[in-house]
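> Following this line is protein.pdb, made up of PDB, C-alpha atoms:
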```
ATOM      1  CA  MET O   1     -22.374  14.892 -21.211
ATOM      2  CA  ASN O   2     -19.456  17.315 -21.080
ATOM      3  CA  ASN O   3     -16.514  15.475 -19.610
ATOM      4  CA  ARG O   4     -15.234  18.496 -17.668
ATOM      5  CA  MET O   5     -18.402  18.661 -15.601
ATOM      6  CA  SER O   6     -18.131  15.004 -14.670
ATOM      7  CA  ALA O   7     -17.826  14.178 -10.959
ATOM      8  CA  HIS O   8     -15.216  11.453 -11.427
ATOM      9  CA  LEU O   9     -12.171  12.731 -13.320
ATOM     10  CA  HIS O  10      -9.206  10.920 -11.791
ATOM     11  CA  PRO O  11      -8.153   8.055  -9.488
ATOM     12  CA  GLY O  12      -8.702   8.545  -5.762
ATOM     13  CA  LEU O  13     -11.371  10.627  -4.063
ATOM     14  CA  ASN O  14     -12.666  13.388  -6.373
ATOM     15  CA  LEU O  15     -13.515  16.812  -4.992
ATOM     16  CA  GLY O  16     -16.497  17.118  -7.305
ATOM     17  CA  PRO O  17     -17.789  20.017  -9.460
ATOM     18  CA  ALA O  18     -18.667  22.042  -6.329
ATOM     19  CA  HIS O  19     -14.925  22.773  -5.909
ATOM     20  CA  GLY O  20     -14.733  24.306  -9.405
ATOM     21  CA  ALA O  21     -11.204  24.966 -10.640
ATOM     22  CA  ALA O  22      -9.567  22.828  -7.939
ATOM     23  CA  HIS O  23     -11.560  19.828  -9.170
ATOM     24  CA  GLU O  24     -10.745  20.485 -12.834
ATOM     25  CA  ARG O  25      -7.016  21.097 -12.425
ATOM     26  CA  SER O  26      -6.721  17.916 -10.350
ATOM     27  CA  GLU O  27      -7.535  15.753 -13.356
ATOM     28  CA  THR O  28      -4.219  15.981 -15.220
ATOM     29  CA  VAL O  29      -2.054  16.252 -12.086
ATOM     30  CA  LEU O  30      -3.636  13.214 -10.424
ATOM     31  CA  PHE O  31      -3.419  11.157 -13.602
ATOM     32  CA  GLY O  32       0.266  12.033 -13.971
ATOM     33  CA  PHE O  33       0.848  10.999 -10.370
ATOM     34  CA  TRP O  34      -1.027   7.755 -11.029
ATOM     35  CA  VAL O  35       1.466   7.051 -13.857
ATOM     36  CA  PHE O  36       4.304   7.583 -11.344
ATOM     37  CA  LEU O  37       2.641   5.262  -8.810
ATOM     38  CA  MET O  38       2.280   2.543 -11.434
ATOM     39  CA  SER O  39       5.990   2.812 -12.311
ATOM     40  CA  ASP O  40       6.718   2.612  -8.587
ATOM     41  CA  PHE O  41       4.518  -0.477  -8.539
ATOM     42  CA  ILE O  42       6.750  -2.015 -11.248
ATOM     43  CA  THR O  43       9.833  -1.307  -9.096
ATOM     44  CA  PHE O  44       8.226  -3.083  -6.155
ATOM     45  CA  GLY O  45       7.103  -5.919  -8.419
ATOM     46  CA  ILE O  46      10.697  -6.548  -9.493
ATOM     47  CA  LEU O  47      11.829  -6.521  -5.846
ATOM     48  CA  PHE O  48       9.040  -9.028  -5.060
ATOM     49  CA  ALA O  49      10.332 -11.253  -7.884
ATOM     50  CA  THR O  50      13.921 -10.943  -6.605
ATOM     51  CA  TYR O  51      12.723 -11.832  -3.111
ATOM     52  CA  ALA O  52      10.730 -14.835  -4.336
ATOM     53  CA  ALA O  53      13.722 -16.091  -6.328
ATOM     54  CA  ASN O  54      15.870 -16.002  -3.157
ATOM     55  CA  THR O  55      13.563 -17.920  -0.804
ATOM     56  CA  GLY O  56      15.040 -21.354  -1.553
ATOM     57  CA  HIS O  57      17.891 -22.991   0.349
ATOM     58  CA  ILE O  58      20.453 -21.480  -2.075
ATOM     59  CA  GLY O  59      19.157 -17.983  -1.249
ATOM     60  CA  LEU O  60      19.246 -18.698   2.505
ATOM     61  CA  ALA O  61      22.934 -19.717   2.220
ATOM     62  CA  GLY O  62      22.828 -21.553   5.558
ATOM     63  CA  GLY O  63      21.911 -18.367   7.426
ATOM     64  CA  PRO O  64      18.899 -17.681   9.671
ATOM     65  CA  GLY O  65      15.491 -18.185   8.018
ATOM     66  CA  PRO O  66      11.982 -16.720   8.432
ATOM     67  CA  GLY O  67      11.219 -18.885  11.479
ATOM     68  CA  ASP O  68      14.290 -17.544  13.314
ATOM     69  CA  LEU O  69      13.760 -13.868  12.479
ATOM     70  CA  PHE O  70      10.092 -12.970  11.976
ATOM     71  CA  ASP O  71       7.784 -11.750  14.746
ATOM     72  CA  LEU O  72       4.217 -12.236  13.487
ATOM     73  CA  LYS O  73       2.675 -10.308  16.405
ATOM     74  CA  SER O  74       4.686  -7.238  15.431
ATOM     75  CA  ILE O  75       3.754  -7.672  11.752
ATOM     76  CA  GLY O  76       0.080  -7.839  12.778
ATOM     77  CA  LEU O  77       0.459  -4.610  14.764
ATOM     78  CA  GLN O  78       2.178  -2.875  11.834
ATOM     79  CA  THR O  79      -0.629  -4.018   9.536
ATOM     80  CA  GLY O  80      -3.175  -2.569  11.985
ATOM     81  CA  PHE O  81      -1.325   0.752  12.230
ATOM     82  CA  LEU O  82      -1.085   1.142   8.457
ATOM     83  CA  LEU O  83      -4.694   0.133   7.785
ATOM     84  CA  ALA O  84      -5.960   2.535  10.462
ATOM     85  CA  SER O  85      -3.809   5.305   8.973
ATOM     86  CA  SER O  86      -5.300   4.580   5.547
ATOM     87  CA  LEU O  87      -8.771   5.095   7.045
ATOM     88  CA  THR O  88      -7.834   8.364   8.791
ATOM     89  CA  CYS O  89      -6.200   9.542   5.543
ATOM     90  CA  GLY O  90      -9.539   8.888   3.834
ATOM     91  CA  MET O  91     -11.269  10.883   6.593
ATOM     92  CA  ALA O  92      -8.881  13.787   5.876
ATOM     93  CA  SER O  93      -9.857  13.634   2.181
ATOM     94  CA  LEU O  94     -13.559  13.636   3.081
ATOM     95  CA  SER O  95     -13.103  16.622   5.428
ATOM     96  CA  LEU O  96     -11.458  18.395   2.486
ATOM     97  CA  LYS O  97     -14.199  17.454   0.039
ATOM     98  CA  TYR O  98     -17.079  18.442   2.336
ATOM     99  CA  ASP O  99     -15.539  21.767   3.438
ATOM    100  CA  GLU O 100     -15.056  20.969   7.119
ATOM    101  CA  GLY O 101     -12.195  23.449   7.266
ATOM    102  CA  ALA O 102      -8.391  23.402   7.201
ATOM    103  CA  SER O 103      -8.039  22.605  10.911
ATOM    104  CA  ARG O 104     -10.200  19.472  10.671
ATOM    105  CA  VAL O 105      -8.143  18.281   7.668
ATOM    106  CA  ALA O 106      -4.947  18.995   9.633
ATOM    107  CA  GLN O 107      -6.238  17.028  12.641
ATOM    108  CA  TRP O 108      -6.878  13.929  10.539
ATOM    109  CA  LEU O 109      -3.438  14.313   8.913
ATOM    110  CA  VAL O 110      -1.788  14.444  12.349
ATOM    111  CA  VAL O 111      -3.586  11.228  13.363
ATOM    112  CA  THR O 112      -2.461   9.648  10.069
ATOM    113  CA  ALA O 113       1.143  10.697  10.724
ATOM    114  CA  LEU O 114       1.068   9.302  14.284
ATOM    115  CA  LEU O 115      -0.233   5.938  13.049
ATOM    116  CA  GLY O 116       2.384   5.928  10.268
ATOM    117  CA  ALA O 117       5.091   6.680  12.843
ATOM    118  CA  GLY O 118       3.776   3.781  14.958
ATOM    119  CA  PHE O 119       4.154   1.509  11.946
ATOM    120  CA  LEU O 120       7.730   2.697  11.374
ATOM    121  CA  ALA O 121       8.673   2.342  15.041
ATOM    122  CA  PHE O 122       7.697  -1.344  15.038
ATOM    123  CA  GLU O 123       9.400  -1.920  11.688
ATOM    124  CA  VAL O 124      12.674  -0.388  12.891
ATOM    125  CA  ARG O 125      12.423  -2.380  16.141
ATOM    126  CA  ASP O 126      11.968  -5.577  14.089
ATOM    127  CA  PHE O 127      14.951  -4.753  11.863
ATOM    128  CA  ALA O 128      17.075  -4.109  14.963
ATOM    129  CA  SER O 129      16.113  -7.428  16.573
ATOM    130  CA  MET O 130      16.666  -9.283  13.281
ATOM    131  CA  ILE O 131      20.148  -7.781  12.987
ATOM    132  CA  SER O 132      20.977  -8.620  16.610
ATOM    133  CA  SER O 133      20.082 -12.276  16.003
ATOM    134  CA  GLY O 134      22.405 -12.498  13.002
ATOM    135  CA  GLY O 135      19.962 -11.507  10.240
ATOM    136  CA  THR O 136      22.013  -8.732   8.667
ATOM    137  CA  PRO O 137      21.495  -7.724   5.003
ATOM    138  CA  MET O 138      24.952  -9.109   4.195
ATOM    139  CA  ARG O 139      24.248 -12.594   5.589
ATOM    140  CA  SER O 140      22.439 -14.089   2.574
ATOM    141  CA  ALA O 141      20.783 -13.235  -0.741
ATOM    142  CA  TRP O 142      17.417 -13.853   0.938
ATOM    143  CA  LEU O 143      18.158 -11.243   3.623
ATOM    144  CA  SER O 144      19.538  -8.736   1.073
ATOM    145  CA  SER O 145      16.352  -8.946  -0.990
ATOM    146  CA  LEU O 146      14.188  -8.835   2.172
ATOM    147  CA  TYR O 147      15.766  -5.599   3.422
ATOM    148  CA  ALA O 148      15.605  -4.098  -0.087
ATOM    149  CA  LEU O 149      11.873  -4.831  -0.442
ATOM    150  CA  VAL O 150      10.628  -4.117   3.092
ATOM    151  CA  GLY O 151      13.154  -1.286   3.537
ATOM    152  CA  LEU O 152      12.021   0.489   0.358
ATOM    153  CA  HIS O 153       8.426   0.355   1.594
ATOM    154  CA  GLY O 154       9.553   1.745   4.966
ATOM    155  CA  LEU O 155      11.395   4.513   3.116
ATOM    156  CA  HIS O 156       8.182   5.348   1.255
ATOM    157  CA  VAL O 157       6.311   5.587   4.572
ATOM    158  CA  THR O 158       9.069   7.892   5.884
ATOM    159  CA  MET O 159       8.688  10.093   2.791
ATOM    160  CA  GLY O 160       4.935  10.112   3.444
ATOM    161  CA  LEU O 161       5.539  11.412   6.980
ATOM    162  CA  ILE O 162       7.722  14.214   5.604
ATOM    163  CA  TRP O 163       4.989  14.935   3.046
ATOM    164  CA  ILE O 164       2.410  15.216   5.862
ATOM    165  CA  ALA O 165       4.689  17.676   7.682
ATOM    166  CA  VAL O 166       4.917  19.800   4.517
ATOM    167  CA  MET O 167       1.129  19.651   4.033
ATOM    168  CA  LEU O 168       0.553  20.718   7.651
ATOM    169  CA  ALA O 169       2.876  23.695   7.124
ATOM    170  CA  LEU O 170       1.076  24.606   3.882
ATOM    171  CA  LEU O 171      -2.326  24.312   5.565
ATOM    172  CA  ALA O 172      -1.157  26.612   8.343
ATOM    173  CA  VAL O 173       0.430  29.210   6.030
ATOM    174  CA  VAL O 174      -1.639  29.126   2.812
ATOM    175  CA  GLY O 175      -4.848  27.445   3.945
ATOM    176  CA  LEU O 176      -7.068  25.444   1.606
ATOM    177  CA  SER O 177      -6.088  26.987  -1.741
ATOM    178  CA  ASP O 178      -6.729  25.133  -5.010
ATOM    179  CA  ARG O 179      -3.092  24.014  -5.200
ATOM    180  CA  VAL O 180      -3.111  22.731  -1.609
ATOM    181  CA  LYS O 181      -6.339  20.829  -2.304
ATOM    182  CA  THR O 182      -4.748  19.073  -5.300
ATOM    183  CA  ARG O 183      -1.654  18.215  -3.257
ATOM    184  CA  LEU O 184      -3.811  16.731  -0.500
ATOM    185  CA  LEU O 185      -5.502  14.508  -3.094
ATOM    186  CA  LEU O 186      -2.046  13.438  -4.337
ATOM    187  CA  PHE O 187      -0.975  12.581  -0.813
ATOM    188  CA  ALA O 188      -4.115  10.489  -0.219
ATOM    189  CA  LEU O 189      -3.437   8.532  -3.422
ATOM    190  CA  TYR O 190       0.176   7.924  -2.329
ATOM    191  CA  TRP O 191      -0.750   6.831   1.199
ATOM    192  CA  HIS O 192      -3.499   4.409   0.125
ATOM    193  CA  PHE O 193      -1.075   2.981  -2.441
ATOM    194  CA  LEU O 194       1.456   2.288   0.337
ATOM    195  CA  ASP O 195      -1.148   0.272   2.239
ATOM    196  CA  LEU O 196      -1.849  -1.683  -0.951
ATOM    197  CA  LEU O 197       1.868  -2.557  -1.230
ATOM    198  CA  TRP O 198       1.941  -3.606   2.416
ATOM    199  CA  ILE O 199      -0.782  -6.205   1.731
ATOM    200  CA  GLY O 200       1.622  -7.773  -0.768
ATOM    201  CA  ILE O 201       4.537  -7.579   1.669
ATOM    202  CA  PHE O 202       2.843  -9.131   4.682
ATOM    203  CA  SER O 203       1.286 -11.844   2.502
ATOM    204  CA  VAL O 204       4.325 -12.767   0.387
ATOM    205  CA  VAL O 205       7.180 -12.101   2.822
ATOM    206  CA  PHE O 206       5.898 -12.630   6.342
ATOM    207  CA  LEU O 207       2.840 -14.914   6.206
ATOM    208  CA  THR O 208       4.176 -17.162   3.424
ATOM    209  CA  GLY O 209       7.579 -17.203   5.165
ATOM    210  CA  MET O 210       6.112 -18.352   8.489
ATOM    211  CA  ARG O 211       4.046 -21.041   6.823
TER     212      ARG O 211
ATOM    213  CA  MET H 212     -28.654   9.428   3.138
ATOM    214  CA  SER H 213     -26.413  12.361   2.237
ATOM    215  CA  GLU H 214     -23.451  11.998  -0.133
ATOM    216  CA  ALA H 215     -21.003  12.735   2.694
ATOM    217  CA  ARG H 216     -22.418  10.035   4.955
ATOM    218  CA  ARG H 217     -22.530   7.540   2.096
ATOM    219  CA  GLU H 218     -18.855   8.145   1.261
ATOM    220  CA  ARG H 219     -17.817   7.960   4.915
ATOM    221  CA  ARG H 220     -19.671   4.657   5.213
ATOM    222  CA  ASN H 221     -17.798   3.358   2.132
ATOM    223  CA  TYR H 222     -14.414   4.073   3.748
ATOM    224  CA  LEU H 223     -15.539   2.314   6.926
ATOM    225  CA  LEU H 224     -16.851  -0.615   4.889
ATOM    226  CA  GLY H 225     -13.520  -0.885   3.032
ATOM    227  CA  THR H 226     -11.635  -0.857   6.345
ATOM    228  CA  GLY H 227     -13.960  -3.459   7.876
ATOM    229  CA  LEU H 228     -13.538  -5.802   4.912
ATOM    230  CA  SER H 229      -9.745  -5.278   4.995
ATOM    231  CA  ILE H 230      -9.647  -6.171   8.715
ATOM    232  CA  LEU H 231     -11.646  -9.350   8.086
ATOM    233  CA  LEU H 232      -9.405 -10.413   5.179
ATOM    234  CA  THR H 233      -6.242  -9.644   7.188
ATOM    235  CA  LEU H 234      -7.508 -11.707  10.137
ATOM    236  CA  LEU H 235      -8.348 -14.536   7.740
ATOM    237  CA  ALA H 236      -4.803 -14.502   6.285
ATOM    238  CA  PHE H 237      -3.077 -14.317   9.709
ATOM    239  CA  GLY H 238      -5.486 -16.952  11.097
ATOM    240  CA  SER H 239      -4.559 -19.404   8.358
ATOM    241  CA  VAL H 240      -0.899 -19.176   9.427
ATOM    242  CA  ILE H 241      -1.454 -19.258  13.193
ATOM    243  CA  GLY H 242      -4.212 -21.878  13.091
ATOM    244  CA  PRO H 243      -3.779 -25.641  12.674
ATOM    245  CA  PHE H 244      -4.031 -25.759   8.879
ATOM    246  CA  GLY H 245      -1.872 -27.473   6.276
ATOM    247  CA  LYS H 246       0.662 -25.561   4.207
ATOM    248  CA  THR H 247      -1.337 -25.776   0.964
ATOM    249  CA  ILE H 248      -4.557 -24.494   2.546
ATOM    250  CA  ALA H 249      -2.712 -21.644   4.280
ATOM    251  CA  LEU H 250      -0.965 -20.548   1.067
ATOM    252  CA  TRP H 251      -4.270 -20.529  -0.820
ATOM    253  CA  VAL H 252      -6.027 -18.541   1.910
ATOM    254  CA  ILE H 253      -3.129 -16.024   2.050
ATOM    255  CA  SER H 254      -3.069 -15.546  -1.751
ATOM    256  CA  VAL H 255      -6.816 -15.261  -2.232
ATOM    257  CA  SER H 256      -7.357 -12.911   0.714
ATOM    258  CA  ALA H 257      -4.441 -10.714  -0.451
ATOM    259  CA  VAL H 258      -5.883 -10.370  -3.962
ATOM    260  CA  VAL H 259      -9.386  -9.717  -2.617
ATOM    261  CA  GLN H 260      -8.077  -7.151  -0.111
ATOM    262  CA  ILE H 261      -6.175  -5.333  -2.876
ATOM    263  CA  LEU H 262      -9.382  -5.208  -4.947
ATOM    264  CA  VAL H 263     -11.357  -3.981  -1.903
ATOM    265  CA  GLN H 264      -8.867  -1.174  -1.243
ATOM    266  CA  LEU H 265      -8.722  -0.223  -4.936
ATOM    267  CA  ARG H 266     -12.505   0.065  -4.904
ATOM    268  CA  PHE H 267     -13.142   1.777  -1.555
ATOM    269  CA  PHE H 268      -9.933   3.813  -0.971
ATOM    270  CA  LEU H 269      -8.605   4.553  -4.464
ATOM    271  CA  HIS H 270     -12.079   4.719  -6.054
ATOM    272  CA  ILE H 271     -11.181   2.680  -9.095
ATOM    273  CA  GLY H 272     -14.046   0.624 -10.434
ATOM    274  CA  LEU H 273     -15.319  -0.833 -13.665
ATOM    275  CA  GLY H 274     -18.312   1.431 -14.176
ATOM    276  CA  ARG H 275     -16.619   4.834 -13.943
ATOM    277  CA  GLN H 276     -16.109   7.350 -16.727
ATOM    278  CA  LYS H 277     -12.319   7.344 -16.599
ATOM    279  CA  ARG H 278     -10.989   4.089 -17.994
ATOM    280  CA  GLU H 279      -7.332   5.205 -18.370
ATOM    281  CA  ASP H 280      -6.639   4.650 -14.658
ATOM    282  CA  LEU H 281      -7.760   1.053 -14.873
ATOM    283  CA  LEU H 282      -6.007   0.520 -18.225
ATOM    284  CA  LEU H 283      -2.770   1.723 -16.670
ATOM    285  CA  ILE H 284      -3.113  -0.783 -13.817
ATOM    286  CA  LEU H 285      -3.809  -3.591 -16.285
ATOM    287  CA  PHE H 286      -0.860  -2.597 -18.494
ATOM    288  CA  SER H 287       1.456  -2.435 -15.459
ATOM    289  CA  LEU H 288       0.193  -5.870 -14.434
ATOM    290  CA  LEU H 289       0.970  -7.192 -17.925
ATOM    291  CA  LEU H 290       4.537  -5.806 -17.790
ATOM    292  CA  LEU H 291       4.993  -7.156 -14.276
ATOM    293  CA  SER H 292       3.731 -10.632 -15.115
ATOM    294  CA  ILE H 293       6.224 -10.814 -17.998
ATOM    295  CA  MET H 294       9.130  -9.619 -15.831
ATOM    296  CA  VAL H 295       8.225 -11.527 -12.644
ATOM    297  CA  GLY H 296       7.267 -14.682 -14.521
ATOM    298  CA  GLY H 297      10.450 -14.509 -16.595
ATOM    299  CA  THR H 298      12.665 -13.909 -13.551
ATOM    300  CA  LEU H 299      11.202 -16.821 -11.615
ATOM    301  CA  TRP H 300      11.349 -19.090 -14.660
ATOM    302  CA  ILE H 301      14.991 -18.360 -15.427
ATOM    303  CA  LEU H 302      16.168 -18.512 -11.820
ATOM    304  CA  THR H 303      14.338 -21.724 -10.858
ATOM    305  CA  ASN H 304      15.715 -23.299 -14.027
ATOM    306  CA  LEU H 305      19.211 -22.142 -13.049
ATOM    307  CA  ALA H 306      18.731 -23.455  -9.507
ATOM    308  CA  GLN H 307      17.783 -26.869 -10.853
ATOM    309  CA  ARG H 308      20.848 -26.977 -13.066
ATOM    310  CA  MET H 309      23.115 -26.040 -10.164
ATOM    311  CA  THR H 310      21.963 -28.838  -7.889
TER     312      THR H 310
END
```
Represent the structure contained in this file as structure tokens.

Amino acid sequence: MNNRMSAHLHPGLNLGPAHGAAHERSETVLFGFWVFLMSDFITFGILFATYAANTGHIGLAGGPGPGDLFDLKSIGLQTGFLLASSLTCGMASLSLKYDEGASRVAQWLVVTALLGAGFLAFEVRDFASMISSGGTPMRSAWLSSLYALVGLHGLHVTMGLIWIAVMLALLAVVGLSDRVKTRLLLFALYWHFLDLLWIGIFSVVFLTGMR
Amino acid sequence: MSEARRERRNYLLGTGLSILLTLLAFGSVIGPFGKTIALWVISVSAVVQILVQLRFFLHIGLGRQKREDLLLILFSLLLLSIMVGGTLWILTNLAQRMT
């Protein structure tokens, strides 16, 4: 079978041969972006290792520990927000694939952005309360590595929100052109990847820390 | 069932499984379980949830035509295990020498 006619050319949801050129040009772009995401994954992996190396009593340096600083209820809420946003992001991709129109895609993206903003709001609130109870990044090596890891993920979510804003503007001005379709697929890959990283963060940092 | 409905159902299935695995992990910490059991439940449910999301959200499986995506994940995992394993090895060794 000719590879170019194949329905599954790249990671993430594929538009399928019905979308013609938009489907074909997505192959190389999405694979290139997948290479970037994997290098991003390495960055996070190193921060995970740094964090894990600082969880002992030397890393804590006599400062406040997980039990003093973490709020599991808030972490659960953040997990819910991000997982729900991953689902609505998938719904946006499906609306794109099955030609439900630019406005339906935009609606799902707005819902995704609101859920992402909810996640960020709780994360910032948690950081603020941690800092007010003495858990500043400067207090210990454990806290430095915690803010670096969780903060970098939060920064990625913030970038994702900006990306959604740009996509909404493009949808309004250009509509569903081939380029916009490819960029929407890129965004979906990025957003699902962020939820994947969050699984690692809530498991390694928060749940293991509270145990 | 149409292709669209089948794909929509897959996303919902992936979300449902993720919710269950998340509840399992949080439950093991909140509930009256020992540290060892909790750590095992957290680790296993995290790995399973990552596999679930790779399959249902990122559409990466074993039986697809494009193997490079999967190969890249496996290669990144290899690099990471060398770097993470090495970091933890060196630093725990150092910590032992300092005490």
> Listed atoms of segment 216-229 of chain H, axis-aligned box, 6 Å per side: centre and edge lengths to one decimal in Å, as AutoDock Vina command-line options?

```
--center_x -16.1 --center_y 2.1 --center_z 4.6 --size_x 24.8 --size_y 27.8 --size_z 18.6
```
> Can you spell out as a ChimeraX atom specification the set of residues that the PyMOL selection byres ((chain O and resi 46) around 10) selects in the structure I just provided?
/O:41-45,47-52,149 /H:291-292,294-295,298
> Could you give me, as CSV, every chain H residue with an atom at most 9 Å from chain O, plus its closest atom pair and distance in Å to one decimal, counting only C-alpha atoms, rows ordered by chain then number?

```
residue,atom,partner,partner_atom,distance
H:Ala215,CA,O:Tyr98,CA,6.9
H:Glu218,CA,O:Leu94,CA,7.8
H:Arg219,CA,O:Leu94,CA,7.3
H:Tyr222,CA,O:Leu87,CA,6.6
H:Leu223,CA,O:Leu87,CA,7.3
H:Gly225,CA,O:Leu87,CA,8.6
H:Thr226,CA,O:Leu87,CA,6.6
H:Ser229,CA,O:Leu83,CA,7.9
H:Ile230,CA,O:Leu83,CA,8.1
H:Thr233,CA,O:Thr79,CA,8.3
H:Leu234,CA,O:Gly76,CA,8.9
H:Ala236,CA,O:Ser203,CA,7.6
H:Phe237,CA,O:Leu207,CA,6.9
H:Ser239,CA,O:Arg211,CA,8.9
H:Val240,CA,O:Arg211,CA,5.9
H:Ile241,CA,O:Arg211,CA,8.6
H:Gly245,CA,O:Arg211,CA,8.8
H:Lys246,CA,O:Arg211,CA,6.2
H:Ala249,CA,O:Arg211,CA,7.2
H:Leu250,CA,O:Thr208,CA,6.6
H:Ile253,CA,O:Ser203,CA,6.1
H:Ser254,CA,O:Ser203,CA,7.1
H:Ser256,CA,O:Ser203,CA,8.9
H:Ala257,CA,O:Ile199,CA,6.2
H:Val258,CA,O:Gly200,CA,8.6
H:Gln260,CA,O:Ile199,CA,7.6
H:Ile261,CA,O:Leu196,CA,6.0
H:Gln264,CA,O:Leu196,CA,7.0
H:Leu265,CA,O:Leu196,CA,8.1
H:Phe268,CA,O:His192,CA,6.6
H:Leu269,CA,O:Gly12,CA,4.2
H:His270,CA,O:Gly12,CA,5.1
H:Ile271,CA,O:Pro11,CA,6.2
H:Arg275,CA,O:His8,CA,7.2
H:Gln276,CA,O:His8,CA,6.8
H:Lys277,CA,O:Leu9,CA,6.3
H:Glu279,CA,O:Phe31,CA,8.6
H:Asp280,CA,O:Pro11,CA,6.4
H:Leu281,CA,O:Pro11,CA,8.8
H:Leu283,CA,O:Met38,CA,7.3
H:Ile284,CA,O:Met38,CA,6.8
H:Ser287,CA,O:Met38,CA,6.5
H:Leu288,CA,O:Ile42,CA,8.2
H:Leu290,CA,O:Ile42,CA,7.9
H:Leu291,CA,O:Ile42,CA,6.2
H:Ser292,CA,O:Gly45,CA,8.9
H:Met294,CA,O:Ile46,CA,7.2
H:Val295,CA,O:Ala49,CA,5.2
H:Gly296,CA,O:Ala49,CA,8.1
H:Thr298,CA,O:Ala49,CA,6.7
H:Leu299,CA,O:Ala53,CA,5.9
H:Leu302,CA,O:Ala53,CA,6.5
H:Thr303,CA,O:Ala53,CA,7.3
H:Ala306,CA,O:Ile58,CA,7.9
```
> Tell me which residues the PyMOL selection byres ((chain O and resi 99) around 12) grabs here, as a PDB file with C-alpha atoms, keeping the file's coordinate frame.

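Written file, out.pdb:
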```pdb
ATOM      1  CA  LEU O  15     -13.515  16.812  -4.992  1.00  0.00           C
ATOM      2  CA  GLY O  16     -16.497  17.118  -7.305  1.00  0.00           C
ATOM      3  CA  ALA O  18     -18.667  22.042  -6.329  1.00  0.00           C
ATOM      4  CA  HIS O  19     -14.925  22.773  -5.909  1.00  0.00           C
ATOM      5  CA  ALA O  92      -8.881  13.787   5.876  1.00  0.00           C
ATOM      6  CA  SER O  93      -9.857  13.634   2.181  1.00  0.00           C
ATOM      7  CA  LEU O  94     -13.559  13.636   3.081  1.00  0.00           C
ATOM      8  CA  SER O  95     -13.103  16.622   5.428  1.00  0.00           C
ATOM      9  CA  LEU O  96     -11.458  18.395   2.486  1.00  0.00           C
ATOM     10  CA  LYS O  97     -14.199  17.454   0.039  1.00  0.00           C
ATOM     11  CA  TYR O  98     -17.079  18.442   2.336  1.00  0.00           C
ATOM     12  CA  GLU O 100     -15.056  20.969   7.119  1.00  0.00           C
ATOM     13  CA  GLY O 101     -12.195  23.449   7.266  1.00  0.00           C
ATOM     14  CA  ALA O 102      -8.391  23.402   7.201  1.00  0.00           C
ATOM     15  CA  SER O 103      -8.039  22.605  10.911  1.00  0.00           C
ATOM     16  CA  ARG O 104     -10.200  19.472  10.671  1.00  0.00           C
ATOM     17  CA  VAL O 105      -8.143  18.281   7.668  1.00  0.00           C
ATOM     18  CA  LEU O 176      -7.068  25.444   1.606  1.00  0.00           C
ATOM     19  CA  SER O 177      -6.088  26.987  -1.741  1.00  0.00           C
ATOM     20  CA  LYS O 181      -6.339  20.829  -2.304  1.00  0.00           C
TER      21      LYS O 181
ATOM     22  CA  ALA H 215     -21.003  12.735   2.694  1.00  0.00           C
TER      23      ALA H 215
END
```
> Pick the closest to Arg183 of chain O from O:Ser74, O:Trp163, O:Gly67, O:Ala121: which is it, counting all atoms listed in the file?
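So, comparing all the options, the nearest one is O:Trp163.
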> Expanded to explicit residues, what is the PyMOL selection byres ((chain O and resi 166) around 12) for this file, as a list in words?
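When the PyMOL selection byres ((chain O and resi 166) around 12) is applied, the selected residues are Ala106, Leu109, Val110, Ala113, Met159, Gly160, Leu161, Ile162, Trp163, Ile164, Ala165, Met167, Leu168, Ala169, Leu170, Leu171, Ala172, Val173, Val174, Val180, Arg183, Leu184 and Phe187 of chain O.
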> Go ahead and compute the interatomic distance for atom CA of Leu115 of chain O and atom CA of Leu232 of chain H, in Å to one decimal.
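Computing the Euclidean distance for atom CA of Leu115 of chain O and atom CA of Leu232 of chain H yields 20.3 Å.
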> Atom CA of Gly242 of chain H and atom CA of Met130 of chain O, how far apart in Å?
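Rounded to one decimal, the two atoms are 24.4 Å apart.
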> Could you please determine the separation between atom CA of Gly151 of chain O and atom CA of Phe127 of chain O in Å, to one decimal place?
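It comes out at 9.2 Å.
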> Using all atoms listed in the file, can you tell me which of O:Gly154, O:Leu186, O:Thr55, O:Pro66 comes closest to Ala117 of chain O?
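Closest residue, counting all atoms listed in the file: O:Gly154.
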> Output requested as a PDB file, in the frame of the given file - segment 75-81 of chain O, filled out with N, CA and C atoms.

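Once everything was written out, this is rebuild-v8.pdb:
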```pdb
ATOM      1  N   ILE O  75       4.240  -7.896  13.121  1.00  0.00           N
ATOM      2  CA  ILE O  75       3.754  -7.672  11.752  1.00  0.00           C
ATOM      3  C   ILE O  75       2.251  -7.368  11.777  1.00  0.00           C
ATOM      4  N   GLY O  76       1.513  -8.094  12.639  1.00  0.00           N
ATOM      5  CA  GLY O  76       0.080  -7.839  12.778  1.00  0.00           C
ATOM      6  C   GLY O  76      -0.183  -6.417  13.260  1.00  0.00           C
ATOM      7  N   LEU O  77       0.612  -5.978  14.250  1.00  0.00           N
ATOM      8  CA  LEU O  77       0.459  -4.610  14.764  1.00  0.00           C
ATOM      9  C   LEU O  77       0.742  -3.578  13.679  1.00  0.00           C
ATOM     10  N   GLN O  78       1.833  -3.812  12.916  1.00  0.00           N
ATOM     11  CA  GLN O  78       2.178  -2.875  11.834  1.00  0.00           C
ATOM     12  C   GLN O  78       1.057  -2.804  10.809  1.00  0.00           C
ATOM     13  N   THR O  79       0.487  -3.984  10.490  1.00  0.00           N
ATOM     14  CA  THR O  79      -0.629  -4.018   9.536  1.00  0.00           C
ATOM     15  C   THR O  79      -1.795  -3.185  10.056  1.00  0.00           C
ATOM     16  N   GLY O  80      -2.086  -3.338  11.374  1.00  0.00           N
ATOM     17  CA  GLY O  80      -3.175  -2.569  11.985  1.00  0.00           C
ATOM     18  C   GLY O  80      -2.919  -1.076  11.927  1.00  0.00           C
ATOM     19  N   PHE O  81      -1.690  -0.668  12.274  1.00  0.00           N
ATOM     20  CA  PHE O  81      -1.325   0.752  12.230  1.00  0.00           C
ATOM     21  C   PHE O  81      -1.534   1.325  10.830  1.00  0.00           C
TER      22      PHE O  81
END
```
